[in-house]
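Worksheet: one structure, shown below.
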Amino acid sequence: MFSVKPLKPTFKSYLPPLQTDLKKSPQPTKKLEAKLLPGEIVVNEANFVRKCIGADSSKDDLWGKLVCTNFKISFITHDALPLQNFQYRTRLLGEHDVPLACVEQVVTVNDAKGKQKVLGSNQKLKFNPSELIVYCKDFRIIRFRFDEAGPESAKKVCLAIAHYCRPADPQLLFGFEYIGKRYYGSSGDRVNGVDCGGGLETPLFDRPSEWDREIKRTRASEWRVCSINEGYAVSQSLPEYFVVPVSLADQDLKQYSRFFVTQRVPLWCWNHPNGSALVRMANIKDPAQQRKLDQRICNGITKSHPKRSEALKSALDKTLPNIQDIQAAFVRLRQVCVIEPFEESEERWLTSIESSRWLEYVRAFLKHSAEVVYMLEGKCSSVILQEDEDRDLSCVVSSLVQLMLDPHFRSLTGFQSLVQKEWVMAGHRFMDRCNHLKKNDREESPLFLLFLDCVWQLMNQYPAAFEFTETYLTVLMDSMWLPIFCTFLFNSPQQHAEHTREFAQSKNIPLGEDKALRLPPVWDWSQQFSLTDQALFNSPLYVGKGATCVQNGAVKTFRRSKKNYSATLRGMPSLRNGILGDLDSLPRRNSLVLRLRPDFSQQREVPESPSERFFRDWFSRPADLQGLLLPQLLPSHLKLWRLYFLRWVPEAQIPRGGPITAFRELSLLADEIETLRNQLRQYKGGTPALTPGTPQPEQRRMFFKVLSPQDPPSPPEYLSSSFPFSPVGNLCRRSILGTPLSKFLSGAKIWLSTETLANENI
């Protein structure tokens, strides 16, 4: 993933006559071949293609071969990127590769005729392209030139990319061919719930035993595993096994399911130590049965509470933005981050970020989740999250509530189990919301990215409470565009089982005892990264339950000191930290409310509500990193997630600066402490000494390691605020020669529209 690449240029490249007086066609001395995965085939290719690196000149551009496979766009070159000796790399993709699932739009340009066209599947191209621009879902813009390439080969590779990035059927996604060749071929590797890389195993919640373990972990003694949906007999969007109150019989649940939207009966999410439960539920579609079913379901949840407290409902559809609002905010944010000139210090740019409403929606979900936390912990009441289909907003809120309340989900394994439980098995429609088939833009909405942004906000405020890093969150989001893993590929477990079964039958693949073809989960990170590179997922600040420290030569368990901290560190309690009630809403300027409001000196103080007292008391104490965490929601507390949204923008990059420099110093310090602690244990006879030749540095948790006292104290040259990613070669700039950036994002749903480009002159 992150390796040093030596400079090995094998042929020279010269600029076109427009930029230089010299002109020579590149002459490769060695055949360029694409590296293919099992099941991957080359569809089309073009030689003598130039990948544009610089925006203002072509001196750093790379010459090579552009290849389209059934999995990715691959650019193969012997040249090296300028000033790059440390690149982000995975085992599945090369340095210049883009998965077809990550392609948002393909635009071809003809300089001579002044034409542009947005290519779709099975479309014709009436002109020979001189340029190809690929717009990616992860905010990259990649540009290729065909000045020296054959016109027919250039046209064919452009059409192939446009066609294969829009599969007509889910079984045409590359993951099916990959799994058929790799795991059910001659190798026979097991992937169903097994971490082949020897790392941490994440429960998939596809069997009753894993739900039983979660029930025991949360001490939910009044809840049980239900199997009425085996074979997806009741609902096609529910998992085969889920948890329900002990007092509700299977026969009753089957009868109730007919009255819920998509037959989704209530699902148990989590139990608080005080006995209150978090439950999610779809709407009841039959108004005549509304009151009767509500009463029976609520009675069953109430009986599961040790104090028989009444269950409270939270209607998410009425209080939170819908998926269309979130998608519109994302499109506006993408335009600000990628297309508009980056000037972080300018008021106009910051105003544009605010006007996108993305951070406003992040705040709305964090605020609502904190209110649900108060119901569970402050009022000791069970909470039912209610949404129309219970597959979108409830995934975000239920996950955030558990993340705030349960420190287990702030560990790496716990967080992965949370996503698997509340998103994958609960039937979030990843195929539709990610628009993997690019068929219905109306269904597209970045809910999972919104959730990860909310997680990042919490992590940014309480970095020592999380075992994982923002690099992990970014890589996890990027994995959504790798159609190899089942985690983010399907709308439900049933859809996964159905398509894999049909594919296996069509290819005559033996299914064995499981009677199912299983795509691997994304949680087996060894399929993408080495163990050394996975160390970038580990936070040097994390304070877990078993954290230890060395004091006076003895190894002791870490305990949080009871110091009094300034209120300014965590938001002023008098402002309720941004979690405002109805009485805290500010009226508009010159409004009638202000003119009619009496003098503050004569106004009686409004009594503090129980929820306000709950939040004030919590923020008046130092945070318990192994207990409840509440978000700070004032405007100054919520920030733009720079690593994800700005990593490809060269102007936003800070060489040898940014948060990564502090991360490196903390990692070196944590690694040194870990090394000293191991030496102390060996000295006391606690653990055997390592034998000579053992690769001790690779066994340590931190990516940045203390190798010798002679190591330079300053950050290495390759380190930047975009680390471990590099914006070099990704043309998110104010102006690109031959590319009308003013036309980008002209539509609400797409970056470019054919109508807008019809009469565009270059």
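Every chain in the structure tokens has a letter given in the order shown (A, B, ...), and although residue numbers restart at 1 in each chain, ligands are simply numbered from 1 in the order shown.
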
Just the strand (DSSP E or B) stuff from stretch 108-188 of chain A, please, per backbone DSSP, written as a PDB file with N, CA and C atoms, in the first residue's frame.
ATOM      1  N   THR A 108     -15.483  12.625 -23.154  1.00  0.00           N
ATOM      2  CA  THR A 108     -14.506  12.640 -24.238  1.00  0.00           C
ATOM      3  C   THR A 108     -14.492  14.022 -24.890  1.00  0.00           C
ATOM      4  N   VAL A 109     -13.318  14.417 -25.360  1.00  0.00           N
ATOM      5  CA  VAL A 109     -13.121  15.750 -25.917  1.00  0.00           C
ATOM      6  C   VAL A 109     -12.403  15.617 -27.253  1.00  0.00           C
ATOM      7  N   ASN A 110     -12.805  16.433 -28.232  1.00  0.00           N
ATOM      8  CA  ASN A 110     -12.089  16.560 -29.492  1.00  0.00           C
ATOM      9  C   ASN A 110     -11.662  18.007 -29.648  1.00  0.00           C
ATOM     10  N   LYS A 115     -15.585  19.698 -29.671  1.00  0.00           N
ATOM     11  CA  LYS A 115     -16.734  18.926 -29.200  1.00  0.00           C
ATOM     12  C   LYS A 115     -16.393  18.181 -27.915  1.00  0.00           C
ATOM     13  N   GLN A 116     -17.441  17.974 -27.124  1.00  0.00           N
ATOM     14  CA  GLN A 116     -17.348  17.154 -25.919  1.00  0.00           C
ATOM     15  C   GLN A 116     -18.586  16.286 -25.830  1.00  0.00           C
ATOM     16  N   LYS A 117     -18.444  15.140 -25.187  1.00  0.00           N
ATOM     17  CA  LYS A 117     -19.600  14.265 -25.019  1.00  0.00           C
ATOM     18  C   LYS A 117     -19.464  13.465 -23.733  1.00  0.00           C
ATOM     19  N   VAL A 118     -20.553  13.418 -22.975  1.00  0.00           N
ATOM     20  CA  VAL A 118     -20.644  12.553 -21.808  1.00  0.00           C
ATOM     21  C   VAL A 118     -21.070  11.180 -22.295  1.00  0.00           C
ATOM     22  N   LEU A 119     -20.218  10.200 -22.108  1.00  0.00           N
ATOM     23  CA  LEU A 119     -20.477   8.870 -22.641  1.00  0.00           C
ATOM     24  C   LEU A 119     -21.287   8.032 -21.662  1.00  0.00           C
ATOM     25  N   GLU A 131      -8.934  13.582 -25.992  1.00  0.00           N
ATOM     26  CA  GLU A 131      -8.786  13.679 -24.542  1.00  0.00           C
ATOM     27  C   GLU A 131      -9.904  12.895 -23.865  1.00  0.00           C
ATOM     28  N   LEU A 132      -9.569  12.284 -22.740  1.00  0.00           N
ATOM     29  CA  LEU A 132     -10.539  11.558 -21.914  1.00  0.00           C
ATOM     30  C   LEU A 132     -10.439  12.094 -20.497  1.00  0.00           C
ATOM     31  N   ILE A 133     -11.582  12.485 -19.935  1.00  0.00           N
ATOM     32  CA  ILE A 133     -11.627  12.960 -18.552  1.00  0.00           C
ATOM     33  C   ILE A 133     -12.527  12.023 -17.754  1.00  0.00           C
ATOM     34  N   VAL A 134     -12.003  11.474 -16.673  1.00  0.00           N
ATOM     35  CA  VAL A 134     -12.732  10.531 -15.826  1.00  0.00           C
ATOM     36  C   VAL A 134     -13.018  11.216 -14.491  1.00  0.00           C
ATOM     37  N   TYR A 135     -14.297  11.343 -14.156  1.00  0.00           N
ATOM     38  CA  TYR A 135     -14.720  11.914 -12.886  1.00  0.00           C
ATOM     39  C   TYR A 135     -15.089  10.771 -11.947  1.00  0.00           C
ATOM     40  N   CYS A 136     -14.474  10.769 -10.772  1.00  0.00           N
ATOM     41  CA  CYS A 136     -14.604   9.641  -9.854  1.00  0.00           C
ATOM     42  C   CYS A 136     -15.492   9.987  -8.662  1.00  0.00           C
ATOM     43  N   ILE A 141     -10.376  13.661 -10.296  1.00  0.00           N
ATOM     44  CA  ILE A 141     -10.565  13.968 -11.710  1.00  0.00           C
ATOM     45  C   ILE A 141      -9.276  13.562 -12.416  1.00  0.00           C
ATOM     46  N   ILE A 142      -9.358  12.632 -13.349  1.00  0.00           N
ATOM     47  CA  ILE A 142      -8.175  12.095 -14.010  1.00  0.00           C
ATOM     48  C   ILE A 142      -8.309  12.329 -15.507  1.00  0.00           C
ATOM     49  N   ARG A 143      -7.221  12.799 -16.130  1.00  0.00           N
ATOM     50  CA  ARG A 143      -7.259  13.230 -17.525  1.00  0.00           C
ATOM     51  C   ARG A 143      -6.180  12.513 -18.331  1.00  0.00           C
ATOM     52  N   PHE A 144      -6.583  12.001 -19.500  1.00  0.00           N
ATOM     53  CA  PHE A 144      -5.661  11.336 -20.419  1.00  0.00           C
ATOM     54  C   PHE A 144      -5.718  12.043 -21.774  1.00  0.00           C
ATOM     55  N   ARG A 145      -4.563  12.097 -22.460  1.00  0.00           N
ATOM     56  CA  ARG A 145      -4.470  12.680 -23.793  1.00  0.00           C
ATOM     57  C   ARG A 145      -4.072  11.597 -24.795  1.00  0.00           C
TER      58      ARG A 145
END

Determine, counting only C-alpha atoms, which protein, DNA and RNA residues have an atom within 7 Å of an atom of A:Met425; residues of the same chain fewer than 2 positions away are not included. Present the result as a ChimeraX atom specification. /A:239,420-423,427,492-493

Could you save those same residues with all heavy atoms as a PDB file, in the first residue's frame?
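Written file, out32.pdb:
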ATOM      1  N   PRO A 239     -32.467  -9.759   8.064  1.00  0.00           N
ATOM      2  CA  PRO A 239     -31.562 -10.911   8.134  1.00  0.00           C
ATOM      3  C   PRO A 239     -32.324 -12.169   8.515  1.00  0.00           C
ATOM      4  O   PRO A 239     -33.465 -12.110   9.004  1.00  0.00           O
ATOM      5  CB  PRO A 239     -30.564 -10.506   9.213  1.00  0.00           C
ATOM      6  CG  PRO A 239     -31.310  -9.545  10.075  1.00  0.00           C
ATOM      7  CD  PRO A 239     -32.233  -8.794   9.154  1.00  0.00           C
ATOM      8  N   GLN A 420     -21.497  -3.935  10.476  1.00  0.00           N
ATOM      9  CA  GLN A 420     -22.055  -5.186   9.957  1.00  0.00           C
ATOM     10  C   GLN A 420     -23.470  -5.413  10.473  1.00  0.00           C
ATOM     11  O   GLN A 420     -24.363  -5.836   9.726  1.00  0.00           O
ATOM     12  CB  GLN A 420     -21.145  -6.356  10.364  1.00  0.00           C
ATOM     13  CG  GLN A 420     -21.562  -7.700   9.826  1.00  0.00           C
ATOM     14  CD  GLN A 420     -21.348  -7.845   8.334  1.00  0.00           C
ATOM     15  OE1 GLN A 420     -20.507  -7.178   7.758  1.00  0.00           O
ATOM     16  NE2 GLN A 420     -22.109  -8.728   7.708  1.00  0.00           N
ATOM     17  N   LYS A 421     -23.690  -5.095  11.737  1.00  0.00           N
ATOM     18  CA  LYS A 421     -24.985  -5.356  12.382  1.00  0.00           C
ATOM     19  C   LYS A 421     -26.049  -4.342  11.973  1.00  0.00           C
ATOM     20  O   LYS A 421     -27.170  -4.729  11.615  1.00  0.00           O
ATOM     21  CB  LYS A 421     -24.799  -5.352  13.906  1.00  0.00           C
ATOM     22  CG  LYS A 421     -26.062  -5.524  14.732  1.00  0.00           C
ATOM     23  CD  LYS A 421     -25.733  -5.790  16.188  1.00  0.00           C
ATOM     24  CE  LYS A 421     -25.052  -4.634  16.859  1.00  0.00           C
ATOM     25  NZ  LYS A 421     -26.010  -3.576  17.267  1.00  0.00           N
ATOM     26  N   GLU A 422     -25.702  -3.043  12.014  1.00  0.00           N
ATOM     27  CA  GLU A 422     -26.702  -1.993  11.831  1.00  0.00           C
ATOM     28  C   GLU A 422     -26.850  -1.530  10.388  1.00  0.00           C
ATOM     29  O   GLU A 422     -27.805  -0.818  10.071  1.00  0.00           O
ATOM     30  CB  GLU A 422     -26.357  -0.791  12.719  1.00  0.00           C
ATOM     31  CG  GLU A 422     -26.402  -1.092  14.206  1.00  0.00           C
ATOM     32  CD  GLU A 422     -27.774  -1.536  14.674  1.00  0.00           C
ATOM     33  OE1 GLU A 422     -28.781  -1.067  14.104  1.00  0.00           O
ATOM     34  OE2 GLU A 422     -27.841  -2.353  15.601  1.00  0.00           O
ATOM     35  N   TRP A 423     -25.931  -1.905   9.517  1.00  0.00           N
ATOM     36  CA  TRP A 423     -26.008  -1.484   8.123  1.00  0.00           C
ATOM     37  C   TRP A 423     -26.181  -2.677   7.184  1.00  0.00           C
ATOM     38  O   TRP A 423     -27.142  -2.731   6.424  1.00  0.00           O
ATOM     39  CB  TRP A 423     -24.748  -0.688   7.737  1.00  0.00           C
ATOM     40  CG  TRP A 423     -24.658   0.644   8.387  1.00  0.00           C
ATOM     41  CD1 TRP A 423     -24.237   0.918   9.668  1.00  0.00           C
ATOM     42  CD2 TRP A 423     -25.012   1.909   7.825  1.00  0.00           C
ATOM     43  NE1 TRP A 423     -24.304   2.264   9.928  1.00  0.00           N
ATOM     44  CE2 TRP A 423     -24.770   2.903   8.806  1.00  0.00           C
ATOM     45  CE3 TRP A 423     -25.490   2.310   6.575  1.00  0.00           C
ATOM     46  CZ2 TRP A 423     -25.006   4.258   8.584  1.00  0.00           C
ATOM     47  CZ3 TRP A 423     -25.715   3.667   6.341  1.00  0.00           C
ATOM     48  CH2 TRP A 423     -25.487   4.620   7.336  1.00  0.00           C
ATOM     49  N   GLY A 427     -30.093  -4.417   6.311  1.00  0.00           N
ATOM     50  CA  GLY A 427     -30.667  -4.226   4.988  1.00  0.00           C
ATOM     51  C   GLY A 427     -30.573  -2.824   4.434  1.00  0.00           C
ATOM     52  O   GLY A 427     -31.470  -2.395   3.692  1.00  0.00           O
ATOM     53  N   SER A 492     -29.435  -6.052   0.541  1.00  0.00           N
ATOM     54  CA  SER A 492     -29.843  -6.870   1.683  1.00  0.00           C
ATOM     55  C   SER A 492     -29.094  -8.188   1.640  1.00  0.00           C
ATOM     56  O   SER A 492     -28.567  -8.580   0.582  1.00  0.00           O
ATOM     57  CB  SER A 492     -31.359  -7.134   1.649  1.00  0.00           C
ATOM     58  OG  SER A 492     -31.694  -7.926   0.508  1.00  0.00           O
ATOM     59  N   PRO A 493     -29.030  -8.922   2.751  1.00  0.00           N
ATOM     60  CA  PRO A 493     -28.427 -10.259   2.723  1.00  0.00           C
ATOM     61  C   PRO A 493     -29.150 -11.200   1.766  1.00  0.00           C
ATOM     62  O   PRO A 493     -28.522 -12.064   1.141  1.00  0.00           O
ATOM     63  CB  PRO A 493     -28.556 -10.731   4.176  1.00  0.00           C
ATOM     64  CG  PRO A 493     -28.677  -9.486   4.985  1.00  0.00           C
ATOM     65  CD  PRO A 493     -29.391  -8.504   4.121  1.00  0.00           C
TER      66      PRO A 493
END

What's the separation between atom CA of A:Phe451 and atom CA of A:Val396, in Å to one decimal place? 5.6 Å

List the spatial neighbours of A:Ser445 as a PyMOL selection string - criterion: any atom at most 10 Å away, only C-alpha atoms, same-chain residues fewer than 2 positions off excluded. chain A and resi 322-331+392+430+432-435+441-443+447-450

Can you list, as number ranges by chain, all residues belonging to stretch 148-268 of chain A that DSSP tags as alpha helix (DSSP H)? A: 151-164, 174-182, 208-217, 250-257

Return the single residue from A:Phe725, A:Trp270, A:Tyr374, A:Phe503 that is closest to A:His408, with distances computed using only C-alpha atoms. A:Trp270

Separation of atom CA of A:Arg207 from atom CA of A:Ser227, in Å and rounded to one decimal: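 So the answer is 9.6 Å.
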
Using only C-alpha atoms, find the one residue out of A:Pro463, A:Pro99, A:Pro321, A:Gly729 that sits nearest to A:Gly175.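 Among A:Pro463, A:Pro99, A:Pro321, A:Gly729, it is A:Pro99 that comes nearest to A:Gly175.
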
Quick one: distance from atom CA of A:Leu668 to atom CA of A:Arg701 in Å, one decimal? 10.6 Å
